[in-house]
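For reference, the structure discussed in these notes is given below.
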Amino acid sequence: MKRFGFTIWEVLIACLVLTALTTICLQFFAAANDQWRLVFEQVAATQEAANLMERVRAAAWDNLNSQTAATLNLSPQAKKTLPEGRMEVKIDAPSGTPSARRVTVVVHWRPQPGTPEHEVRLTAWRYKNP
């Protein structure tokens, strides 16, 4: 007598294979999502550092000091995008170059609790106009 259809063992093995493939695909998509989030945070931090640098460089020469740097904060959007986000702005006047100041902007954030802190650092020189 001929039988048509599948045995219970064939169906069970097919379900196990399908479950294994689904698990592998979900892990792949979760890893891809984590990488996308890290890239998104890196781009957001770089944009925020560039915006802060522009604000510092737009300041008048006489106002380009540590007090100006202390008034700067992360934007509300950056605070939402960058977990544990914070920034530092340093304005140095190297000795021997009274008409130049070095401006360094650093944006820090921690992608996930318990992971190392990431940072974006931009440095520019500002020269006094004659």
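Going through the structure tokens in order, the chains are called A, B, and so on, while each chain numbers its residues from 1 and the ligands are numbered from 1 in the order shown.
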Any idea what's packed within 7 Å of Val89 in chain A, counting only C-alpha atoms, ignoring anything in its chain fewer than 2 positions away? Could you give it as an NGL selection string? :A and (69 or 87 or 91 or 104-106)
Long-range neighbours of Val43 in chain A as a compact mmCIF listing (two decimals) with N, CA and C atoms, in the first residue's frame, 12 Å cut-off, only C-alpha atoms, 5 positions minimum in chain:
```txt
# COMPACT_ATOMS: atom_id res chain seq x y z
N TRP A 36 24.22 49.32 13.57
CA TRP A 36 23.57 50.51 13.03
C TRP A 36 23.44 51.58 14.11
N ARG A 37 23.05 51.17 15.32
CA ARG A 37 22.90 52.11 16.42
C ARG A 37 24.23 52.76 16.78
N LEU A 38 25.31 51.98 16.81
CA LEU A 38 26.63 52.53 17.10
C LEU A 38 27.07 53.54 16.04
N GLU A 48 27.52 66.83 16.48
CA GLU A 48 27.44 67.70 17.67
C GLU A 48 28.78 68.37 17.94
N ALA A 49 29.88 67.61 17.81
CA ALA A 49 31.20 68.20 18.02
C ALA A 49 31.47 69.29 16.97
N ALA A 50 31.09 69.05 15.74
CA ALA A 50 31.28 70.06 14.69
C ALA A 50 30.44 71.31 14.97
N ALA A 78 21.11 65.92 21.00
CA ALA A 78 22.27 65.09 21.31
C ALA A 78 22.11 64.41 22.66
N THR A 81 20.01 61.45 21.97
CA THR A 81 20.62 60.46 21.08
C THR A 81 21.81 59.74 21.71
N LEU A 82 22.61 60.47 22.49
CA LEU A 82 23.84 59.91 23.05
C LEU A 82 23.64 59.54 24.51
N VAL A 107 33.34 65.09 22.63
CA VAL A 107 32.00 64.60 22.99
C VAL A 107 32.15 63.15 23.43
N GLU A 119 34.28 58.38 22.33
CA GLU A 119 34.45 59.82 22.23
C GLU A 119 34.76 60.22 20.80
N VAL A 120 34.40 61.47 20.51
CA VAL A 120 34.77 62.12 19.26
C VAL A 120 35.52 63.39 19.65
```
Just want the 12 Å neighbourhood of Pro94 in chain A, counted on only C-alpha atoms, with same-chain residues fewer than 5 positions away dropped. Output as number ranges by chain. A: 99-103, 125-127
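Note that the spacing between CA of Leu12 in chain A and CA of Phe28 in chain A amounts to 24.5 Å.
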Restricting the calculation to only C-alpha atoms, which member of A:Asn129, A:Pro116, A:Gly85, A:Lys90 is positioned closest to Thr68 in chain A? A:Lys90
Smallest atom-to-atom distance to Met53 in chain A: which of A:Leu72, A:Ile8, A:Val39, A:Ala30, using only C-alpha atoms?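 For Met53 in chain A, the nearest of the candidates is A:Leu72.
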Proximity to Arg121 in chain A - best of A:Leu52, A:Cys15, A:Ala59, A:Leu26, only C-alpha atoms: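 Using only C-alpha atoms, Arg121 in chain A sits closest to A:Leu52.
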Identify, with DSSP run on backbone atoms, the residues in range 7-121 of chain A assigned to alpha helix (DSSP H), and express the list as a PyMOL selection string. chain A and resi 8-57+66-70+76-81
Just checking: using only C-alpha atoms, which residue out of A:Glu10, A:Glu88, A:Glu41, A:Asp34 ends up closest to Ser66 in chain A?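 Ranked by minimum distance to Ser66 in chain A, first place goes to A:Glu88.
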Any idea what's packed within 10 Å of Asn51 in chain A, counting only C-alpha atoms, ignoring anything in its chain fewer than 6 positions away? Could you give it as a PyMOL selection string? chain A and resi 45+57+74-75+105
Any chance you could export the current selection's C-alpha atoms as an mmCIF file, in the first residue's frame?
```cif
data_model
loop_
_atom_site.group_PDB
_atom_site.id
_atom_site.type_symbol
_atom_site.label_atom_id
_atom_site.label_comp_id
_atom_site.auth_asym_id
_atom_site.auth_seq_id
_atom_site.Cartn_x
_atom_site.Cartn_y
_atom_site.Cartn_z
ATOM 1 C CA ALA A 45 28.456 62.778 18.173
ATOM 2 C CA ARG A 57 35.019 79.579 16.495
ATOM 3 C CA LEU A 74 25.081 69.521 24.375
ATOM 4 C CA SER A 75 21.969 70.182 22.328
ATOM 5 C CA VAL A 105 35.948 69.852 21.501
#
```
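Using only C-alpha atoms for every distance, the candidate list A:Ala44, A:Ala93, A:Ala70, A:Leu21 yields A:Ala70 as the residue closest to Val56 in chain A.
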CA of Asp92 in chain A and CA of Thr123 in chain A are how many Å apart?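 Straight-line distance from CA of Asp92 in chain A to CA of Thr123 in chain A works out to 10.8 Å.
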Which residue, A:Thr19, A:Pro83, A:Trp61, A:Ile13, has the smallest gap to Pro98 in chain A when you use only C-alpha atoms? A:Trp61
